[in-house]
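Listing of query10.tsv; format and content: TSV, C-alpha atoms.
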chain	number	residue	atom	x	y	z
P	1	MET	CA	117.57	115.85	95.93
P	2	ASN	CA	116.43	112.62	97.56
P	3	LEU	CA	113.42	111.89	95.41
P	4	ARG	CA	113.46	108.32	94.07
P	5	ILE	CA	111.79	107.50	90.80
P	6	LEU	CA	111.19	104.15	89.15
P	7	ILE	CA	110.79	104.04	85.35
P	8	VAL	CA	108.85	101.07	84.01
P	9	ASP	CA	109.04	100.69	80.24
P	10	ASP	CA	109.96	97.78	77.99
P	11	HIS	CA	111.66	100.08	75.49
P	12	ALA	CA	115.24	100.97	76.40
P	13	GLY	CA	115.00	104.15	74.33
P	14	MET	CA	112.00	105.43	76.26
P	15	ARG	CA	113.69	104.63	79.56
P	16	ARG	CA	116.75	106.55	78.41
P	17	LEU	CA	114.59	109.49	77.35
P	18	THR	CA	112.72	109.62	80.67
P	19	LYS	CA	115.94	109.26	82.65
P	20	THR	CA	117.52	112.10	80.68
P	21	ILE	CA	114.57	114.38	81.44
P	22	LEU	CA	114.66	113.46	85.14
P	23	ALA	CA	118.42	114.10	85.30
P	24	ALA	CA	117.83	117.58	83.86
P	25	PHE	CA	115.27	118.10	86.65
P	26	GLY	CA	117.98	117.24	89.17
P	27	ILE	CA	116.48	113.82	89.96
P	28	ARG	CA	119.28	111.28	89.87
P	29	ARG	CA	118.03	108.53	92.14
P	30	VAL	CA	116.37	106.65	89.35
P	31	ARG	CA	115.96	102.93	88.71
P	32	GLU	CA	114.62	101.21	85.62
P	33	ALA	CA	112.50	98.13	85.07
P	34	SER	CA	111.76	96.65	81.67
P	35	THR	CA	108.83	94.52	82.81
P	36	ALA	CA	106.03	94.92	85.31
P	37	GLU	CA	107.29	91.89	87.24
P	38	GLU	CA	110.74	93.46	87.57
P	39	ALA	CA	109.08	96.70	88.67
P	40	LEU	CA	107.26	95.00	91.54
P	41	GLU	CA	110.60	93.70	92.74
P	42	GLN	CA	112.07	97.23	92.52
P	43	ILE	CA	109.20	98.63	94.58
P	44	ARG	CA	110.26	96.32	97.40
P	45	GLU	CA	113.98	96.96	97.10
P	46	PHE	CA	114.32	100.55	95.91
P	47	GLU	CA	111.22	101.99	97.59
P	48	PRO	CA	110.52	104.65	94.96
P	49	ASP	CA	108.55	107.83	95.72
P	50	ILE	CA	107.00	107.89	92.25
P	51	ALA	CA	106.72	105.34	89.43
P	52	ILE	CA	106.52	106.38	85.77
P	53	VAL	CA	104.90	103.55	83.84
P	54	ASP	CA	104.30	102.95	80.16
P	55	PHE	CA	100.77	101.93	79.27
P	56	LEU	CA	101.55	99.37	76.59
P	57	MET	CA	104.11	96.72	77.46
P	58	PRO	CA	104.36	93.12	76.36
P	59	GLY	CA	103.11	90.61	78.91
P	60	MET	CA	101.60	92.48	81.83
P	61	THR	CA	100.30	95.87	80.66
P	62	GLY	CA	100.77	99.10	82.54
P	63	LEU	CA	97.16	98.91	83.74
P	64	ASP	CA	97.62	95.39	85.09
P	65	PHE	CA	100.71	96.63	86.87
P	66	VAL	CA	98.83	99.50	88.51
P	67	LYS	CA	96.12	97.10	89.68
P	68	LEU	CA	98.76	94.85	91.23
P	69	VAL	CA	100.45	97.75	92.99
P	70	ARG	CA	97.15	99.01	94.40
P	71	GLY	CA	95.92	95.54	95.23
P	72	GLY	CA	98.76	93.94	97.04
P	73	SER	CA	102.24	95.40	96.67
P	74	ASP	CA	104.51	96.70	99.41
P	75	ASP	CA	103.44	100.26	98.56
P	76	PRO	CA	99.78	100.37	97.47
P	77	MET	CA	99.62	104.18	97.61
P	78	LEU	CA	102.66	104.72	95.40
P	79	PRO	CA	102.00	107.70	93.08
P	80	ILE	CA	101.96	106.39	89.50
P	81	ILE	CA	102.32	108.49	86.37
P	82	MET	CA	101.16	106.64	83.28
P	83	LEU	CA	102.64	107.43	79.87
P	84	THR	CA	100.24	106.77	77.08
P	85	ALA	CA	100.15	107.39	73.35
P	86	SER	CA	96.39	107.07	73.33
P	87	SER	CA	94.03	109.10	75.48
P	88	THR	CA	90.62	107.81	74.48
P	89	GLN	CA	87.87	108.20	77.06
P	90	HIS	CA	87.71	104.42	77.40
P	91	LEU	CA	91.40	104.22	78.30
P	92	VAL	CA	91.27	107.18	80.67
P	93	THR	CA	88.32	105.62	82.52
P	94	ALA	CA	90.05	102.23	82.70
P	95	ALA	CA	93.24	103.84	83.98
P	96	ARG	CA	91.39	105.82	86.64
P	97	ASP	CA	89.51	102.72	87.73
P	98	ALA	CA	92.83	100.93	88.06
P	99	GLY	CA	94.15	103.73	90.30
P	100	VAL	CA	96.52	105.74	88.09
P	101	THR	CA	97.55	108.99	89.78
P	102	GLU	CA	98.48	111.16	86.78
P	103	PHE	CA	98.76	110.85	82.99
P	104	VAL	CA	101.33	112.12	80.53
P	105	ALA	CA	100.42	111.87	76.87
P	106	LYS	CA	103.05	110.77	74.41
P	107	PRO	CA	105.04	112.28	72.81
P	108	VAL	CA	106.45	113.02	76.23
P	109	SER	CA	107.43	116.62	76.71
P	110	PRO	CA	109.67	117.64	79.61
P	111	GLU	CA	107.17	120.36	80.53
P	112	ALA	CA	104.28	117.89	80.81
P	113	LEU	CA	106.35	115.56	82.97
P	114	ARG	CA	107.50	118.45	85.15
P	115	ARG	CA	103.91	119.52	85.77
P	116	ARG	CA	102.74	116.03	86.68
P	117	ILE	CA	105.65	115.41	89.05
P	118	ASN	CA	105.07	118.79	90.68
P	119	GLU	CA	101.38	117.96	91.07
P	120	ILE	CA	102.29	114.81	92.98
P	121	ILE	CA	104.87	116.54	95.14
P	122	LEU	CA	103.07	119.78	95.86
P	123	HIS	CA	99.45	118.56	95.97
P	124	PRO	CA	99.46	114.88	96.92
P	125	ARG	CA	96.07	113.25	96.37
P	126	ASN	CA	94.37	111.48	99.22
P	127	PHE	CA	93.29	107.89	98.65
P	128	ILE	CA	89.80	106.49	98.57
P	129	ARG	CA	88.92	103.01	99.69
P	130	SER	CA	85.40	101.79	99.04
P	131	ALA	CA	83.81	98.44	98.34
P	132	THR	CA	84.74	98.66	94.66
P	133	PHE	CA	87.64	101.08	94.40
P	134	PHE	CA	91.04	101.76	95.88
P	135	GLY	CA	93.00	104.60	94.39
P	136	PRO	CA	93.78	108.30	94.37
P	137	ASP	CA	90.99	110.75	95.01
P	138	ARG	CA	90.25	112.36	91.65
P	139	ARG	CA	88.34	115.24	93.19
P	140	ARG	CA	90.17	118.47	93.67
P	141	LYS	CA	89.54	119.95	97.08
P	142	ARG	CA	90.12	123.49	98.18
P	143	PRO	CA	93.71	123.78	99.49
P	144	GLU	CA	92.38	124.87	102.91
P	145	ALA	CA	90.27	121.71	103.14
P	146	VAL	CA	93.27	119.54	102.28
P	147	GLU	CA	95.32	121.29	104.94
P	148	GLU	CA	92.51	120.90	107.44
P	149	ASP	CA	92.35	117.15	106.73
P	150	ARG	CA	96.07	116.80	107.22
P	151	ARG	CA	95.96	118.58	110.55
P	152	ALA	CA	93.01	116.54	111.73
P	153	ALA	CA	94.22	113.18	110.41
P	154	THR	CA	95.05	110.59	113.02
P	155	PRO	CA	97.02	107.39	112.40
P	156	GLU	CA	93.91	105.41	113.27
P	157	ALA	CA	91.26	104.93	110.63
P	158	GLY	CA	87.68	105.25	111.65
P	159	THR	CA	87.07	108.85	112.67
P	160	PRO	CA	83.41	109.16	111.75
P	161	GLU	CA	82.71	112.25	109.72
P	162	ALA	CA	79.54	111.23	108.04
P	163	GLY	CA	78.43	113.61	105.34
P	164	SER	CA	81.38	115.94	105.71
P	165	ASP	CA	82.19	115.88	102.03
P	166	ALA	CA	78.90	114.77	100.67
P	167	THR	CA	78.82	117.46	98.02
P	168	GLU	CA	82.20	116.43	96.67
P	169	ALA	CA	81.50	112.73	96.29
P	170	GLN	CA	83.53	111.64	93.32
P	171	GLU	CA	82.38	109.49	90.44
P	172	ARG	CA	84.49	106.58	91.55
P	173	VAL	CA	82.78	106.27	94.91
P	174	PRO	CA	79.81	103.99	94.30
Y	1	MET	CA	100.22	101.37	105.63
Y	2	LYS	CA	103.15	103.16	104.03
Y	3	ARG	CA	102.45	106.86	103.21
Y	4	LYS	CA	99.31	106.93	105.34
Y	5	ALA	CA	99.05	109.95	107.65
Y	6	GLY	CA	95.55	109.20	108.85
Y	7	SER	CA	92.06	108.58	107.57
Y	8	PHE	CA	88.41	109.51	107.76
Y	9	ILE	CA	85.27	107.56	107.23
Y	10	ARG	CA	83.01	109.56	104.93
Y	11	VAL	CA	79.59	109.12	103.41
Y	12	SER	CA	79.04	109.97	99.76
Y	13	GLU	CA	76.08	111.89	98.39
Y	14	LYS	CA	74.44	108.60	97.53
Y	15	GLY	CA	74.83	107.31	101.06
Y	16	TYR	CA	77.77	104.94	100.52
Y	17	THR	CA	80.44	104.77	103.16
Y	18	TYR	CA	84.06	105.04	102.13
Y	19	GLU	CA	87.41	105.63	103.73
Y	20	GLU	CA	89.44	108.66	102.77
Y	21	ILE	CA	93.09	108.09	103.53
Y	22	VAL	CA	95.23	111.16	104.04
Y	23	VAL	CA	98.60	110.72	102.35
Y	24	ALA	CA	101.75	111.82	104.17
Y	25	ASP	CA	102.98	115.07	102.70
Y	26	ASP	CA	106.71	114.33	102.78
Y	27	LEU	CA	107.82	114.53	99.16
Y	28	LYS	CA	108.39	118.29	99.34
Y	29	THR	CA	111.07	117.64	101.93
Y	30	LYS	CA	112.71	114.99	99.77
Y	31	MET	CA	112.52	117.34	96.82
Y	32	GLU	CA	114.39	120.03	98.77
Y	33	ARG	CA	112.60	122.69	96.72
Y	34	PRO	CA	109.37	124.03	98.18
Y	35	GLU	CA	108.22	125.26	94.76
Y	36	GLY	CA	108.83	121.90	93.08
Y	37	ILE	CA	110.72	121.52	89.81
Y	38	PRO	CA	111.16	125.01	88.34
Y	39	PRO	CA	109.93	125.77	84.77
Y	40	ASP	CA	113.50	126.46	83.70
Y	41	ALA	CA	114.34	122.79	84.27
Y	42	ALA	CA	111.95	121.79	81.48
Y	43	ARG	CA	113.88	124.00	79.04
Y	44	ILE	CA	117.17	122.39	80.08
Y	45	ALA	CA	115.56	118.95	79.76
Y	46	GLN	CA	114.33	119.79	76.26
Y	47	GLN	CA	117.89	120.62	75.22
Y	48	ALA	CA	119.07	117.31	76.71
Y	49	VAL	CA	116.37	115.46	74.76
Y	50	GLU	CA	117.48	117.14	71.54
Y	51	ARG	CA	120.97	115.81	72.14
Y	52	LEU	CA	119.49	112.31	72.09
Y	53	GLN	CA	118.23	112.66	68.51
Y	54	ASP	CA	121.07	110.64	67.02
Y	55	GLU	CA	120.37	107.83	69.46
Y	56	PHE	CA	116.72	107.94	68.49
Y	57	VAL	CA	117.68	107.38	64.86
Y	58	GLU	CA	119.44	104.18	65.92
Y	59	TRP	CA	116.49	102.98	68.06
Y	60	ALA	CA	114.08	103.79	65.26
Y	61	ARG	CA	116.18	101.88	62.72
Y	62	ARG	CA	116.12	98.83	64.95
Y	63	ASP	CA	112.38	99.08	65.58
Y	64	ILE	CA	111.61	99.58	61.90
Y	65	ALA	CA	113.74	96.56	60.99
Y	66	ARG	CA	111.79	94.49	63.55
Y	67	LEU	CA	108.54	95.64	61.97
Y	68	ALA	CA	109.73	94.75	58.50
Y	69	ASN	CA	110.71	91.28	59.75
Y	70	LEU	CA	107.24	90.77	61.19
Y	71	ALA	CA	105.57	91.26	57.79
Y	72	PRO	CA	106.45	87.83	56.32
Y	73	GLU	CA	105.67	86.20	59.68
Y	74	LEU	CA	102.24	87.76	59.54
Y	75	ALA	CA	101.53	86.08	56.23
Y	76	SER	CA	102.75	82.68	57.34
Y	77	ALA	CA	101.38	82.55	60.89
Y	78	PRO	CA	100.18	78.97	61.42
Y	79	SER	CA	97.24	79.77	63.70
Y	80	ASP	CA	94.94	82.60	64.74
Y	81	ALA	CA	96.70	82.74	68.09
Y	82	SER	CA	100.14	83.20	66.55
Y	83	LEU	CA	98.72	85.70	64.08
Y	84	GLU	CA	97.35	87.76	66.95
Y	85	GLU	CA	100.67	87.52	68.77
Y	86	ILE	CA	102.47	88.94	65.72
Y	87	ARG	CA	99.91	91.73	65.42
Y	88	GLN	CA	100.39	92.50	69.10
Y	89	GLN	CA	104.17	92.71	68.64
Y	90	ALA	CA	103.66	95.08	65.70
Y	91	ARG	CA	101.25	97.20	67.78
Y	92	ILE	CA	103.77	97.49	70.60
Y	93	ILE	CA	106.59	98.55	68.28
Y	94	ALA	CA	104.27	101.00	66.50
Y	95	HIS	CA	103.23	102.35	69.91
Y	96	ASP	CA	106.88	102.94	70.85
Y	97	LEU	CA	107.66	104.68	67.57
Y	98	ARG	CA	104.52	106.74	67.89
Y	99	GLY	CA	105.53	107.84	71.36
Y	100	GLN	CA	109.10	108.71	70.48
Y	101	GLY	CA	108.86	110.18	66.99
Y	102	ALA	CA	107.46	113.59	67.81
Y	103	THR	CA	109.49	113.83	71.03
Y	104	PHE	CA	112.66	113.68	68.95
Y	105	GLY	CA	111.49	115.96	66.17
Y	106	TYR	CA	110.01	113.35	63.83
Y	107	PRO	CA	106.23	113.88	63.96
Y	108	LEU	CA	105.93	112.04	60.63
Y	109	VAL	CA	107.14	108.86	62.31
Y	110	THR	CA	104.49	109.39	64.96
Y	111	GLU	CA	101.76	109.83	62.32
Y	112	ILE	CA	102.78	106.81	60.26
Y	113	ALA	CA	103.14	104.65	63.37
Y	114	THR	CA	99.68	105.74	64.52
Y	115	CYS	CA	98.22	104.56	61.20
Y	116	LEU	CA	100.11	101.29	61.54
Y	117	GLY	CA	98.78	100.77	65.06
Y	118	THR	CA	95.24	101.28	63.76
Y	119	ILE	CA	95.77	98.77	60.94
Y	120	MET	CA	97.27	96.19	63.29
Y	121	ARG	CA	94.16	96.32	65.46
Y	122	LEU	CA	91.95	95.20	62.56
Y	123	ASP	CA	91.72	91.47	63.14
Y	124	LYS	CA	89.23	90.94	60.30
Y	125	LEU	CA	91.49	92.52	57.69
Y	126	ASP	CA	92.75	90.26	54.94
Y	127	ARG	CA	96.09	88.86	56.04
Y	128	GLU	CA	97.94	89.66	52.82
Y	129	MET	CA	96.64	93.18	52.79
Y	130	GLN	CA	97.76	93.62	56.38
Y	131	GLN	CA	101.18	92.25	55.50
Y	132	ASP	CA	101.50	94.65	52.54
Y	133	MET	CA	100.50	97.58	54.67
Y	134	LEU	CA	102.91	96.65	57.45
Y	135	GLN	CA	105.74	96.36	54.94
Y	136	THR	CA	104.84	99.62	53.21
Y	137	LEU	CA	104.44	101.63	56.39
Y	138	ALA	CA	107.73	100.29	57.78
Y	139	GLU	CA	109.40	101.33	54.53
Y	140	MET	CA	107.85	104.79	54.77
Y	141	MET	CA	109.16	105.26	58.31
Y	142	ARG	CA	112.57	104.08	57.16
Y	143	GLU	CA	112.50	106.76	54.46
Y	144	VAL	CA	111.62	109.45	57.02
Y	145	ILE	CA	114.51	108.39	59.25
Y	146	GLU	CA	117.13	107.88	56.54
Y	147	ARG	CA	116.29	111.16	54.85
Y	148	ARG	CA	116.17	112.88	58.25
Y	149	MET	CA	112.73	114.29	57.48
Y	150	ARG	CA	112.30	116.30	60.66
Y	151	GLY	CA	109.20	118.35	61.31
Y	152	ASP	CA	106.51	118.03	58.64
Y	153	GLY	CA	109.06	116.88	56.06
Y	154	GLY	CA	107.94	119.40	53.47
Y	155	GLU	CA	106.28	118.23	50.26
Y	156	ALA	CA	107.73	114.71	50.46
Y	157	GLY	CA	106.55	114.44	54.05
Y	158	GLU	CA	103.05	115.53	53.10
Y	159	LYS	CA	102.91	112.80	50.43
Y	160	LEU	CA	103.92	110.16	52.98
Y	161	ARG	CA	101.47	111.46	55.53
Y	162	LYS	CA	98.56	111.36	53.08
Y	163	LYS	CA	99.53	107.90	51.91
Y	164	ALA	CA	99.64	106.55	55.47
Y	165	HIS	CA	96.25	108.00	56.30
Y	166	ARG	CA	94.79	106.66	53.07
Y	167	MET	CA	96.05	103.21	54.01
Y	168	ALA	CA	94.41	103.40	57.43
Y	169	VAL	CA	91.11	104.40	55.82
Y	170	LEU	CA	91.33	101.63	53.23
Y	171	ALA	CA	92.20	99.06	55.86
Y	172	ALA	CA	89.15	100.01	57.88
Y	173	ASP	CA	86.98	99.70	54.79
Y	174	PRO	CA	88.66	97.55	52.10
Y	175	ALA	CA	85.57	97.87	49.93
Y	176	ARG	CA	86.75	101.38	49.15
Y	177	GLY	CA	89.51	100.07	46.94
Y	178	GLY	CA	92.19	98.06	48.68
Y	179	PRO	CA	95.91	98.54	48.28
Y	180	ALA	CA	96.07	98.33	44.51
Y	181	ALA	CA	93.53	101.09	44.11
Y	182	GLY	CA	94.86	103.61	46.54
Y	183	ILE	CA	98.16	103.01	48.22
Y	184	ALA	CA	100.53	103.22	45.28
Y	185	GLY	CA	100.44	107.05	45.15

With the file now loaded, output its structure as structure tokens.
Amino acid sequence: MNLRILIVDDHAGMRRLTKTILAAFGIRRVREASTAEEALEQIREFEPDIAIVDFLMPGMTGLDFVKLVRGGSDDPMLPIIMLTASSTQHLVTAARDAGVTEFVAKPVSPEALRRRINEIILHPRNFIRSATFFGPDRRRKRPEAVEEDRRAATPEAGTPEAGSDATEAQERVP
Amino acid sequence: MKRKAGSFIRVSEKGYTYEEIVVADDLKTKMERPEGIPPDAARIAQQAVERLQDEFVEWARRDIARLANLAPELASAPSDASLEEIRQQARIIAHDLRGQGATFGYPLVTEIATCLGTIMRLDKLDREMQQDMLQTLAEMMREVIERRMRGDGGEAGEKLRKKAHRMAVLAADPARGGPAAGIAG
């Protein structure tokens, strides 16, 4: 399996736990970073397919890290799974605003992580760029519509389709 | 842009224009399994996690010792800024213990660490009371680990759980009694 995953967590124990779960999933191309700064470096060098990031780290928090990735890293559309021990509405909103792709609540269960990774692999979210937001599309489209988009997508931005998804406008779009 | 397969310009219900970027669908190929990670893999992973329990005990011991060391520093912090820094360190360690405890079969550690995290967020709480609570909760987690109180920990676990929750309530509202009135039991 060629999937590459980057684990970003200041706690060596949590990194070991996540790595163990990923190894059991058959994912062995895994790198670790103990700080957000180190993780940004790894994004350049290792080019991960998914990053699994802890919410609370000393120095730069997981949310700050996500904002940096979305705002100016080498891979702004990198799928990011955030691990969090707290899932208050305030945090969830802040994380979505920052551009988190998926959440896994702590305590981390292998099943929850499996589901979130599968979600990213099997149903990749499109990205939204507006005046105030850049991040994954939180709406869930019909699978046929997603497939249609993929077939119709061209490498050039700018195909005008005004109103095509007006009824599905997501909260994050102003 | 990396991962971009194409894009559309759309207009939202409210009339705002935005770009929808279609993400390249290439991870399935890298995964080499069209159905993704099979459910069975989670069961195997759970067994692997259980084998890490002894390591968790070692990590938890280290984290709990760090917490206990922070207690006297909390009392003697020379400024508000350093006090907040110590609280933040305690919150991060509590957060780690909270996240790991239940994963490794110690939900009591998770519960006590949750209470500690709550108490360490109370910046108006009397410093000595906060120090006492930090020390006491660290000691309670140590007891859970050293006595290998897995699961709910039975009667002894229930006592610890109630005590931790009582401390969190008292910390939020010290007028209800403070440590001397309620924590001892």

For this session: Would you mind telling me which residue in P:Asp75, P:Asp137, P:Asp10, P:Asp97 lies nearest to Ser34 of chain P when using only C-alpha atoms?
Result: P:Asp10

Kindly assemble as JSON lines a list of the chain Y residues that lie within 6 Å of chain P, each paired with its nearest atom pair and their distance in Å to one decimal, using all atoms listed in the file, sorted first by chain and then by ascending residue number.
{"residue": "Y:Ala5", "atom": "CA", "partner": "P:Pro155", "partner_atom": "CA", "distance": 5.8}
{"residue": "Y:Gly6", "atom": "CA", "partner": "P:Pro155", "partner_atom": "CA", "distance": 4.2}
{"residue": "Y:Ser7", "atom": "CA", "partner": "P:Ala157", "partner_atom": "CA", "distance": 4.8}
{"residue": "Y:Phe8", "atom": "CA", "partner": "P:Thr159", "partner_atom": "CA", "distance": 5.1}
{"residue": "Y:Ile9", "atom": "CA", "partner": "P:Pro160", "partner_atom": "CA", "distance": 5.1}
{"residue": "Y:Arg10", "atom": "CA", "partner": "P:Ala162", "partner_atom": "CA", "distance": 4.9}
{"residue": "Y:Val11", "atom": "CA", "partner": "P:Gly163", "partner_atom": "CA", "distance": 5.0}
{"residue": "Y:Ser12", "atom": "CA", "partner": "P:Ala166", "partner_atom": "CA", "distance": 4.9}
{"residue": "Y:Glu13", "atom": "CA", "partner": "P:Ala166", "partner_atom": "CA", "distance": 4.6}
{"residue": "Y:Tyr18", "atom": "CA", "partner": "P:Ser130", "partner_atom": "CA", "distance": 4.7}
{"residue": "Y:Glu19", "atom": "CA", "partner": "P:Arg129", "partner_atom": "CA", "distance": 5.0}
{"residue": "Y:Glu20", "atom": "CA", "partner": "P:Ile128", "partner_atom": "CA", "distance": 4.7}
{"residue": "Y:Ile21", "atom": "CA", "partner": "P:Phe127", "partner_atom": "CA", "distance": 4.9}
{"residue": "Y:Val22", "atom": "CA", "partner": "P:Asn126", "partner_atom": "CA", "distance": 4.9}
{"residue": "Y:Val23", "atom": "CA", "partner": "P:Asn126", "partner_atom": "CA", "distance": 5.3}
{"residue": "Y:Leu27", "atom": "CA", "partner": "P:Ile121", "partner_atom": "CA", "distance": 5.4}
{"residue": "Y:Lys28", "atom": "CA", "partner": "P:Ile121", "partner_atom": "CA", "distance": 5.8}
{"residue": "Y:Lys30", "atom": "CA", "partner": "P:Asn2", "partner_atom": "CA", "distance": 4.9}
{"residue": "Y:Met31", "atom": "CA", "partner": "P:Met1", "partner_atom": "CA", "distance": 5.3}
{"residue": "Y:Glu32", "atom": "CA", "partner": "P:Met1", "partner_atom": "CA", "distance": 6.0}
{"residue": "Y:Gly36", "atom": "CA", "partner": "P:Asn118", "partner_atom": "CA", "distance": 5.4}
{"residue": "Y:Ala41", "atom": "CA", "partner": "P:Phe25", "partner_atom": "CA", "distance": 5.3}
{"residue": "Y:Ala42", "atom": "CA", "partner": "P:Glu111", "partner_atom": "CA", "distance": 5.1}
{"residue": "Y:Ala45", "atom": "CA", "partner": "P:Ala24", "partner_atom": "CA", "distance": 4.9}
{"residue": "Y:Gly99", "atom": "CA", "partner": "P:Pro107", "partner_atom": "CA", "distance": 4.7}
{"residue": "Y:Gln100", "atom": "CA", "partner": "P:Pro107", "partner_atom": "CA", "distance": 5.9}
{"residue": "Y:Ala102", "atom": "CA", "partner": "P:Pro107", "partner_atom": "CA", "distance": 5.7}
{"residue": "Y:Thr103", "atom": "CA", "partner": "P:Pro107", "partner_atom": "CA", "distance": 5.0}

Exercise: Ala90 of chain Y partners within 8 Å, all atoms listed in the file, chain neighbours under 6 positions left out, as a compact mmCIF listing (two decimals) with C-alpha atoms, in the frame of the given file:
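So the final result, stored in result.txt, reads:
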# COMPACT_ATOMS: atom_id res chain seq x y z
CA LEU Y 67 108.54 95.64 61.97
CA LEU Y 70 107.24 90.77 61.19
CA GLY Y 117 98.78 100.77 65.06
CA MET Y 120 97.27 96.19 63.29

For this session: Have a look at P:Thr35, P:Thr61, P:Gln89, P:Ser73 and name the one nearest to Arg15 of chain P; count all atoms listed in the file.
Result: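 Ranked by minimum distance to Arg15 of chain P, first place goes to P:Thr35.
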
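Taking only C-alpha atoms, the non-local environment of Asp126 of chain Y within 9 Å (same-chain residues fewer than 5 positions away omitted) comprises Gln131, Ala171 and Pro174 of chain Y.
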
Exercise. Between Y:Ala138, Y:Lys162, Y:Arg127, Y:Pro107, which has the minimum distance to Arg150 of chain Y (counting only C-alpha atoms)?
Worked result: Y:Pro107

Seminar exercise, completed: Here atom CA of Glu84 of chain Y and atom CA of Ala39 of chain P stand apart by 26.3 Å

For this session: Fewer than 5 positions away in the same chain doesn't count, so skip those; otherwise give me all residues within 9 Å of Arg142 of chain Y, counting all atoms listed in the file, as a ChimeraX atom specification.
Result: /Y:60-61,64-65,109,137,147

Resulting file, chosen residues, C-alpha atoms, as a PDB file, in the coordinates of the input:
ATOM      1  CA  ALA Y  60     114.080 103.790  65.260  1.00  0.00           C
ATOM      2  CA  ARG Y  61     116.180 101.880  62.720  1.00  0.00           C
ATOM      3  CA  ILE Y  64     111.610  99.580  61.900  1.00  0.00           C
ATOM      4  CA  ALA Y  65     113.740  96.560  60.990  1.00  0.00           C
ATOM      5  CA  VAL Y 109     107.140 108.860  62.310  1.00  0.00           C
ATOM      6  CA  LEU Y 137     104.440 101.630  56.390  1.00  0.00           C
ATOM      7  CA  ARG Y 147     116.290 111.160  54.850  1.00  0.00           C
TER       8      ARG Y 147
END

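Residues surrounding Arg161 of chain Y within 8 Å are Y:Leu108, Y:Glu111, Y:Ile112 [all atoms listed in the file; sequence separation below 5 positions excluded].
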